[in-house]
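A.B. asks: The structure that follows is given in the form of structure tokens.
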Amino acid sequence: MKIPLSVEKGFHVNSNMPREEYLIPLKLTWTATGALQPGAVTYPMATVEKFQFAEKPLSIFTGNFDVIAHFKVAANAPAGPGAASGKLRYQACNDRACFAPKTVDITVLYQVQ
Amino acid sequence: MRDGIRILVRPIWVGDPNAVKLIRLSAAIGTALLVGCFISGCSREPQIPPSARAVQPDGQRKAAPAFDLKDADGKSVRLADYRGKVVLLDFWATWCGPCRIEIPWFTELERRHKQEGFAVLGVAMDDEGWKVIKPFVSELKINYRVLLGNDQASHDYGGLEALPTTFLIDRDGKIAAVHVGLANRKDFENGVEQLLQAPAKANSGRISLPSFFIRTK
């Protein structure tokens with residue numbers, strides 16, 4: 001399942017694997033998935049960019065990118081609609097300031113056939 | 001304030017050959033629900049105001065909001081405790097890269113001007129609290145008082161949507177300058193020096209004797 005994200009020009013979010021321990025990574029976690037069993041979450045390849053406020057280049061996401069969530073379905077899963085609920089945590093900055101980390105609720109409806 | 005990230009909602013079809021016979025994931029626009037104002041257009045355009053290049057003229061300064069926050073030893077610290085001193089009040093967080101650039105500047109300012117009636121107060125806005133703040137203070141050898149911020153202080157000081165946000169407060173407890181985001185080091189140095197040169201206008205606690213009590217031989 002693709003979850004498309006977009007970061008406006010001039011901003012960036014830390015990637016899922018930032019290069020400094022103190023940086024807050026982008027992270028998608030599922031809290032309830034119904035008939036689906038959550039699998040791995042695949043993040044895109046990060047961009048490495050140097051900013052004036054960091055000694056080392058940072059691993060970041062910018063622009064449009066997809067996070068892909070993998071699921072499994074049990075063989076005996078009942079047919080019908082369901083919902084997967086999760087949380088996406090991120091922390092954004094521009095080249096001069098940083099914004100408080102945020103956690104956003106994500107819910108995706110699906111149909112088991 | 002929007003921080004530049006949004007989720008684009010559009011129909012998605014995942015064609016996993018192993019799962020197609022079991023599940024069709026349909027994430028059409030009407031079925032993908034995003035709680036929280038996270039989609040472009042829900043928030044106003046982010047604005048980072050230009051840093052003040054000089055301190056505000058005396059007559060244009062407003063009183064700095066009061067606060068009562070705890071330091072690393074659990075002691076209450078109020079802004080009023082520093083009346084008569086020039087205060088550099090810095091809101092920061094351990095996850096904030098630009099903050100890490102400025103903090104050594106403030107450490108130097110504290111060292112250089114402490115005896116002249118100057119103090120830096122660093123207000124950490126980390127939700128994880130002292131667990132993450134204390135190691136950071138040690139790592140950066142911060143020599144000034146660090147306080148744990150809270151929602152009330154954030155609200156009173158304008159919401160603090162971006163970090164670092166730093167206020168220069170004069171001896172009378174009024175805001176002389178505000179810097180949002182990574183600022184120029186010289187701006188802080190010049191601002192502090194300018195404010196240190198000006199005496200406090202408000203009653204410093206001295207008792208003014210009427211002139212007829214003053215006698216000279």
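By order in the structure tokens, chains are A, B, ...; within a chain, residues start at 1; ligands start at 1, following the order shown.
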When the cut-off is 6 Å and we count only C-alpha atoms, which residues of chain A are near chain B, given as a list in words?
C.D. replies: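 Going by the stated atoms only, the list reads Met1, Pro4, Leu5, Ser6, Val7, Glu8, Phe11, Tyr22, Leu23, Phe53, Arg96, Ala97, Cys98, Phe99, Asp105, Ile106, Thr107, Val108, Leu109, Tyr110, Gln111, Val112 and Gln113 of chain A.
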A.B. asks: Any chance you can output those residues with C-alpha atoms as a tab-separated table (two decimals), in the first residue's frame?
C.D. replies:
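Saved the output as out.tsv:
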```
chain	number	residue	atom	x	y	z
A	1	MET	CA	0.00	0.00	0.00
A	4	PRO	CA	2.12	9.33	-0.90
A	5	LEU	CA	3.72	12.24	0.91
A	6	SER	CA	4.76	15.62	-0.27
A	7	VAL	CA	7.18	18.07	1.28
A	8	GLU	CA	6.99	21.63	0.05
A	11	PHE	CA	11.42	22.24	3.68
A	22	TYR	CA	19.38	13.39	18.11
A	23	LEU	CA	17.30	13.73	14.95
A	53	PHE	CA	23.17	24.53	10.69
A	96	ARG	CA	17.16	28.06	9.34
A	97	ALA	CA	14.58	26.67	11.74
A	98	CYS	CA	13.00	23.45	12.88
A	99	PHE	CA	9.39	22.68	13.67
A	105	ASP	CA	-3.19	9.57	12.44
A	106	ILE	CA	-3.57	7.61	9.22
A	107	THR	CA	-6.49	5.34	8.43
A	108	VAL	CA	-6.83	3.39	5.21
A	109	LEU	CA	-9.92	1.42	4.28
A	110	TYR	CA	-9.57	-1.82	2.36
A	111	GLN	CA	-11.72	-4.58	0.97
A	112	VAL	CA	-10.94	-8.26	1.40
A	113	GLN	CA	-12.39	-10.26	-1.44
```
A.B. asks: Between A:Asn94, A:Ser85, A:Thr103, A:Gln52, single out the one closest to A:Gly34, counting only C-alpha atoms.
C.D. replies: A:Ser85
A.B. asks: Can you tell me, as a list in words, what residues are no more than 7 Å from stretch 12-14 of chain A when counting only C-alpha atoms, ignoring any on the same chain fewer than 2 positions away?
C.D. replies: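 Once the adjacent positions are removed, what remains is Val7, Gly10, Asn16, Pro18, Ile24, Pro25, Leu26, Ser59, Ile60, Phe61, Thr62, Tyr90, Gln91, Ala92, Cys93 and Asn94 of chain A.
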A.B. asks: Could you tell me which of A:Met17, A:Ala83, A:Val104, A:Ala74 comes closest to A:Ala32 if we count only C-alpha atoms?
C.D. replies: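 Nearest candidate to A:Ala32 out of A:Met17, A:Ala83, A:Val104, A:Ala74: A:Ala83.
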A.B. asks: I need the residues of stretch 172-205 of chain B that end up classed as strand (DSSP E) by DSSP on the backbone, written out as a ChimeraX atom specification.
C.D. replies: /B:174-180
A.B. asks: Expressed in Å to a single decimal, how great is the separation between atom CA of B:Phe167 and atom CA of B:Gln56?
C.D. replies: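 If I compute the distance from atom CA of B:Phe167 to atom CA of B:Gln56, I get 11.5 Å.
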A.B. asks: For the atom pair atom CA of B:Val146 and atom CA of B:Leu168, what is the interatomic distance in Å to one decimal place?
C.D. replies: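 About the pair atom CA of B:Val146 and atom CA of B:Leu168: they are 16.1 Å apart.
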A.B. asks: Identify, on the basis of only C-alpha atoms, every residue whose closest approach to stretch 76-89 of chain B does not exceed 8 Å; exclude the query and any residue fewer than 6 positions from it along the same chain; express the result as a list of chain:residue names.
C.D. replies: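 Result of the neighbour search: B:Ala66, B:Phe67, B:Asp68, B:Leu69, B:Lys70, B:Gly117, B:Phe118, B:Ala119, B:Val120, B:Leu121, B:Gly122, B:Val123, B:Leu147, B:Thr166, B:Phe167, B:Leu168, B:Ile169, B:Asp170, B:Arg171, B:Asp172, B:Gly173, B:Val192, B:Leu195, B:Leu196, B:Ala200, B:Ser204.
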